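What follows is a single structure, written as structure tokens, with notes after it.
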Amino acid sequence: MDVIRTAIGLMSGTSMDGIDVALIRTDGRGFIERGPFMGVPYDADFRGQLKRALELARPLSARNERPAELREIELELTLRHVIAVTAFLERFGLLADGVDVLGFHGQTVLHRPDEGLTIQIGDGPELARRTGIPVVYDMRANDMVHGGQGAPLVPAYHAALAGKFQQQGQAVCFVNIGGISNLTSIGTDGRISAFDSGPGNTLIDQWVEMQTGRTYDPGGEIGGRGKVVASLAERYLESPFFRGNVRRSLDRGDFATLRPEEASLEDGARTLAHVAAASIIKSASFLAETPAIYIVCGGGRLNATLMAEFSVMAERFGSKVLSAEEAGFDGDAMEAEAWAYLAVRSLDGLPLTFPGTTGVGVPVSGGVLARP
């Protein structure tokens, strides 16, 4: 009989806005019991430190390299995760010894799949020591050692959640709109395909912050007041990324944001929301089956302008767009839940990635276990 474990997933994504903490009970296979979720936002000063970490990581050529300043930021990031785990346990009346494993994503500061290099800062052994809970971390690296892109990793979890839709004979596509968007298609035959689909919130967030100092467009209301500048949208959508049938994973620096003089605040936000939606549709054209349903998770589902654009585009292909909540899930918690699920799979040596997800040659497990 498969062992059911209690796992907490910790996700700090490309948007660099905070730590998502989620608990599930799972056997790492088909049994999933979703528990509580909590978000812990970063303050502006620490977000600035993480942006600095991106600069520090740019010249690195090995995933374990840590210049002194980057190491300081890594330690601060780890301590913030310790605080987040402690607060989560206290809020929900849980004990550390009742948790079997933490799935620790860390913060991606460099991702160059063509060079087989990915760097996530975050000290797994230190997190384990300070929380008293075993930690699985560095889950992308083994995939890249075996020729994969190192992303996306969430598809294994999406596939486990897709059961009820497959029973209805529908091809379903999970779309995570974070800083970068990625999609996971589970076909009517159960086949999993997954890849990054293009820019998600990153370009919108960068644009709004550059123009207003705010870190994002709440609800998409700024973009909702603007119009799409077709020439700017086409410049993004004509990127070589959307041509050819070879999907690759993206770094947040792969698409440059608009220049201040190119659009008004509102038109820029609307155009970049349009680009985020159109990117999904263009990338989905490489799937073997057109999805009957798109299930949208990640922060982008809260941008009403982006979601309206996406829904209209999808309807042209006979597809329906649902938010994670409309489909019965928690769109805020899903990535953190996935990291908990992957940690349990790692403990059991089960594959985290597959040829149809990252391009790895054979299904491979991954992750490094650190014990307290």
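Residue numbering restarts at 1 in every chain; chains get A, B, ... in the order shown in the structure tokens, and ligands count up from 1 in that same order.
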Original post:
Within 10 Å of Gly198 in chain A, counting only C-alpha atoms, which residues qualify if same-chain residues fewer than 3 places away don't, as a PyMOL selection string?
Top reply: chain A and resi 177+179-183+195+201+236-237+239+241-242+248-252+254-255+275-283
Exercise for the section: Once DSSP has gone over the backbone, tell me which residues of range 180-253 of chain A are in helix (DSSP H, G or I), as a VMD selection string. Expected result: chain A and resid 202 to 212 218 to 224 230 to 237 240 to 242
Kindly export the residues of the current selection with N, CA and C atoms, as a short mmCIF file (atom, residue, chain, number, x, y, z; two decimals), in the first residue's frame.
data_model
loop_
_atom_site.label_atom_id
_atom_site.label_comp_id
_atom_site.auth_asym_id
_atom_site.auth_seq_id
_atom_site.Cartn_x
_atom_site.Cartn_y
_atom_site.Cartn_z
N THR A 202 4.89 39.14 -15.84
CA THR A 202 6.14 39.88 -15.68
C THR A 202 6.15 41.20 -16.45
N LEU A 203 5.79 41.15 -17.73
CA LEU A 203 5.84 42.37 -18.53
C LEU A 203 4.86 43.41 -18.02
N ILE A 204 3.66 42.97 -17.64
CA ILE A 204 2.65 43.90 -17.11
C ILE A 204 3.15 44.51 -15.80
N ASP A 205 3.67 43.67 -14.92
CA ASP A 205 4.16 44.15 -13.62
C ASP A 205 5.30 45.15 -13.80
N GLN A 206 6.25 44.82 -14.67
CA GLN A 206 7.38 45.70 -14.90
C GLN A 206 6.92 47.05 -15.45
N TRP A 207 5.98 47.00 -16.37
CA TRP A 207 5.46 48.22 -17.00
C TRP A 207 4.76 49.11 -15.97
N VAL A 208 3.87 48.51 -15.19
CA VAL A 208 3.11 49.29 -14.21
C VAL A 208 4.05 49.85 -13.13
N GLU A 209 5.02 49.05 -12.70
CA GLU A 209 5.94 49.53 -11.67
C GLU A 209 6.81 50.67 -12.20
N MET A 210 7.25 50.55 -13.45
CA MET A 210 8.08 51.59 -14.05
C MET A 210 7.31 52.91 -14.16
N GLN A 211 6.01 52.81 -14.44
CA GLN A 211 5.22 54.01 -14.67
C GLN A 211 4.61 54.60 -13.39
N THR A 212 4.30 53.74 -12.42
CA THR A 212 3.53 54.20 -11.25
C THR A 212 4.18 53.91 -9.90
N PRO A 218 -3.79 45.91 -10.27
CA PRO A 218 -4.81 45.18 -9.49
C PRO A 218 -6.07 44.93 -10.30
N GLY A 219 -6.39 43.64 -10.46
CA GLY A 219 -7.62 43.27 -11.17
C GLY A 219 -7.59 43.58 -12.65
N GLY A 220 -6.47 44.11 -13.15
CA GLY A 220 -6.40 44.49 -14.56
C GLY A 220 -7.11 45.79 -14.86
N GLU A 221 -7.37 46.61 -13.82
CA GLU A 221 -8.19 47.80 -14.04
C GLU A 221 -7.46 48.87 -14.85
N ILE A 222 -6.12 48.95 -14.73
CA ILE A 222 -5.39 49.92 -15.55
C ILE A 222 -5.48 49.52 -17.02
N GLY A 223 -5.19 48.26 -17.30
CA GLY A 223 -5.30 47.77 -18.67
C GLY A 223 -6.71 47.87 -19.21
N GLY A 224 -7.70 47.73 -18.33
CA GLY A 224 -9.09 47.81 -18.76
C GLY A 224 -9.48 49.16 -19.31
N ALA A 230 -1.61 47.56 -31.68
CA ALA A 230 -1.38 46.36 -32.49
C ALA A 230 0.09 46.18 -32.87
N SER A 231 0.76 47.26 -33.22
CA SER A 231 2.15 47.14 -33.67
C SER A 231 3.05 46.64 -32.54
N LEU A 232 2.77 47.08 -31.32
CA LEU A 232 3.57 46.62 -30.18
C LEU A 232 3.26 45.16 -29.85
N ALA A 233 1.98 44.79 -29.90
CA ALA A 233 1.59 43.40 -29.63
C ALA A 233 2.26 42.47 -30.64
N GLU A 234 2.24 42.85 -31.91
CA GLU A 234 2.83 42.01 -32.95
C GLU A 234 4.33 41.83 -32.75
N ARG A 235 4.97 42.88 -32.25
CA ARG A 235 6.41 42.78 -32.03
C ARG A 235 6.73 41.64 -31.06
N TYR A 236 5.92 41.48 -30.03
CA TYR A 236 6.11 40.37 -29.10
C TYR A 236 5.70 39.04 -29.73
N LEU A 237 4.56 39.03 -30.39
CA LEU A 237 3.98 37.77 -30.87
C LEU A 237 4.71 37.23 -32.10
N PRO A 240 10.69 34.63 -32.23
CA PRO A 240 11.04 33.26 -32.67
C PRO A 240 10.54 32.19 -31.70
N PHE A 241 10.29 32.59 -30.44
CA PHE A 241 9.80 31.61 -29.47
C PHE A 241 8.51 30.94 -29.94
N PHE A 242 7.68 31.68 -30.69
CA PHE A 242 6.38 31.15 -31.10
C PHE A 242 6.43 30.45 -32.45
#
Among A:Met139, A:Val101, A:Thr215, A:Phe174, Ser15 in chain A is approached most closely, using only C-alpha atoms, by A:Thr215
Excluding same-chain residues fewer than 3 positions from Gly331 in chain A, what lies within 6 Å of it counting only C-alpha atoms, as a list in words?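 Once the nearby chain positions are removed, what remains is Cys297, Gly298, Ala324 and Met334 of chain A.
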Query raised in the report: Which parts of range 73-280 of chain A does DSSP call strand (DSSP E) when run on the backbone here, written out as a PyMOL selection string?
Result: chain A and resi 101-104+107-112+117-121+135-137+172-177+180-186+192-199
Identify, on the basis of only C-alpha atoms, every residue whose closest approach to Thr108 in chain A does not exceed 9 Å; exclude the query and any residue fewer than 6 positions from it along the same chain; express the result as a CSV table (one decimal) with C-alpha atoms, in the first residue's frame.
chain,number,residue,atom,x,y,z
A,12,SER,CA,8.5,31.9,-4.4
A,13,GLY,CA,7.8,32.5,-8.1
A,14,THR,CA,9.1,34.6,-10.9
A,54,LEU,CA,19.1,38.4,-10.7
A,118,THR,CA,19.4,26.6,-13.6
A,119,ILE,CA,20.0,28.4,-10.3
A,120,GLN,CA,17.5,28.6,-7.5
A,121,ILE,CA,18.8,30.3,-4.4
* Please provide the set of residues having any atom within 12 Å of Arg66 in chain A, restricted to only C-alpha atoms, with same-chain residues fewer than 3 positions apart removed, written as a PyMOL selection string. => chain A and resi 53+56-63+69-75+109+119-123
Write out the residues from the selection above, keeping N, CA, C and O atoms, as a short mmCIF file (atom, residue, chain, number, x, y, z; two decimals), in the first residue's frame.
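Just written: part07.cif:
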data_model
loop_
_atom_site.label_atom_id
_atom_site.label_comp_id
_atom_site.auth_asym_id
_atom_site.auth_seq_id
_atom_site.Cartn_x
_atom_site.Cartn_y
_atom_site.Cartn_z
N ALA A 53 19.67 40.07 -6.86
CA ALA A 53 20.14 38.69 -7.01
C ALA A 53 20.13 38.27 -8.48
O ALA A 53 21.02 37.52 -8.93
N LEU A 56 23.29 39.66 -9.90
CA LEU A 56 24.46 38.94 -9.39
C LEU A 56 24.60 37.56 -10.05
O LEU A 56 25.71 37.05 -10.20
N ALA A 57 23.47 36.98 -10.41
CA ALA A 57 23.50 35.61 -10.97
C ALA A 57 23.86 35.60 -12.45
O ALA A 57 24.29 34.57 -12.98
N ARG A 58 23.71 36.74 -13.11
CA ARG A 58 23.86 36.76 -14.56
C ARG A 58 25.20 36.20 -15.06
O ARG A 58 25.23 35.45 -16.02
N PRO A 59 26.32 36.51 -14.41
CA PRO A 59 27.60 35.99 -14.92
C PRO A 59 27.94 34.57 -14.46
O PRO A 59 28.98 34.03 -14.84
N LEU A 60 27.09 33.94 -13.63
CA LEU A 60 27.43 32.65 -13.06
C LEU A 60 27.37 31.55 -14.12
O LEU A 60 26.58 31.61 -15.06
N SER A 61 28.18 30.52 -13.92
CA SER A 61 28.24 29.42 -14.89
C SER A 61 28.05 28.05 -14.24
O SER A 61 28.10 27.03 -14.92
N ALA A 62 27.84 28.02 -12.92
CA ALA A 62 27.60 26.76 -12.20
C ALA A 62 26.52 26.98 -11.15
O ALA A 62 26.48 28.03 -10.50
N ARG A 63 25.64 26.00 -10.99
CA ARG A 63 24.46 26.22 -10.15
C ARG A 63 24.78 26.36 -8.67
O ARG A 63 23.95 26.87 -7.91
N GLU A 69 27.70 38.39 -1.83
CA GLU A 69 26.45 39.15 -1.73
C GLU A 69 25.25 38.28 -2.06
O GLU A 69 24.20 38.37 -1.41
N LEU A 70 25.39 37.41 -3.05
CA LEU A 70 24.29 36.51 -3.40
C LEU A 70 24.04 35.53 -2.26
O LEU A 70 22.88 35.19 -1.95
N ARG A 71 25.09 35.08 -1.61
CA ARG A 71 24.94 34.16 -0.48
C ARG A 71 24.18 34.84 0.66
O ARG A 71 23.34 34.22 1.33
N GLU A 72 24.43 36.12 0.88
CA GLU A 72 23.70 36.86 1.93
C GLU A 72 22.21 36.93 1.60
O GLU A 72 21.36 36.75 2.49
N ILE A 73 21.90 37.18 0.34
CA ILE A 73 20.49 37.24 -0.06
C ILE A 73 19.85 35.86 0.07
O ILE A 73 18.70 35.72 0.51
N GLU A 74 20.60 34.82 -0.28
CA GLU A 74 20.10 33.45 -0.15
C GLU A 74 19.76 33.12 1.30
O GLU A 74 18.71 32.53 1.59
N LEU A 75 20.63 33.53 2.21
CA LEU A 75 20.38 33.26 3.63
C LEU A 75 19.14 34.01 4.10
O LEU A 75 18.30 33.45 4.82
N VAL A 109 16.98 32.53 -9.92
CA VAL A 109 17.70 33.76 -10.27
C VAL A 109 18.37 33.66 -11.63
O VAL A 109 18.80 34.66 -12.19
N ILE A 119 19.57 28.04 -11.67
CA ILE A 119 20.00 28.36 -10.30
C ILE A 119 18.80 28.87 -9.52
O ILE A 119 18.19 29.89 -9.86
N GLN A 120 18.47 28.14 -8.45
CA GLN A 120 17.48 28.57 -7.48
C GLN A 120 18.21 28.81 -6.16
O GLN A 120 18.83 27.87 -5.63
N ILE A 121 18.16 30.04 -5.66
CA ILE A 121 18.78 30.28 -4.35
C ILE A 121 17.80 29.86 -3.26
O ILE A 121 16.59 29.94 -3.41
N GLY A 122 18.36 29.39 -2.16
CA GLY A 122 17.57 28.86 -1.04
C GLY A 122 18.34 27.69 -0.45
O GLY A 122 18.68 26.75 -1.16
N ASP A 123 18.64 27.77 0.84
CA ASP A 123 19.50 26.79 1.51
C ASP A 123 18.64 25.71 2.14
O ASP A 123 18.10 25.88 3.24
#
The residue from A:Gln149, A:Arg91, A:Val40, A:Val135 with the smallest atom-to-atom distance to Asp114 in chain A, counting only C-alpha atoms, is A:Gln149
Pick the closest to Gly226 in chain A from A:Met16, A:Val99, A:Ala22, A:Ala269: which is it, counting only C-alpha atoms?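 Counting only C-alpha atoms, the residue closest to Gly226 in chain A is A:Ala269.
You will find CA of His274 in chain A at 13.7 Å from CA of Ser197 in chain A.
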Q.
Neighbouring residues of range 30-32 of chain A were defined as those with any atom within 9 Å, considering only C-alpha atoms; residues of the same chain fewer than 2 positions away were excluded. Please report them as a list in words.
A.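 After dropping sequence-adjacent residues, the list is Ile4, Ile24, Arg25, Thr26, Asp27, Gly28, Arg34, Ala160, Leu161, Gly163 and Tyr341 of chain A.
With only C-alpha atoms as the atoms that count, the minimum distance from Gly132 in chain A to the choices A:Thr188, A:Thr86, A:Gln107, A:Asn64 is reached by A:Thr86.
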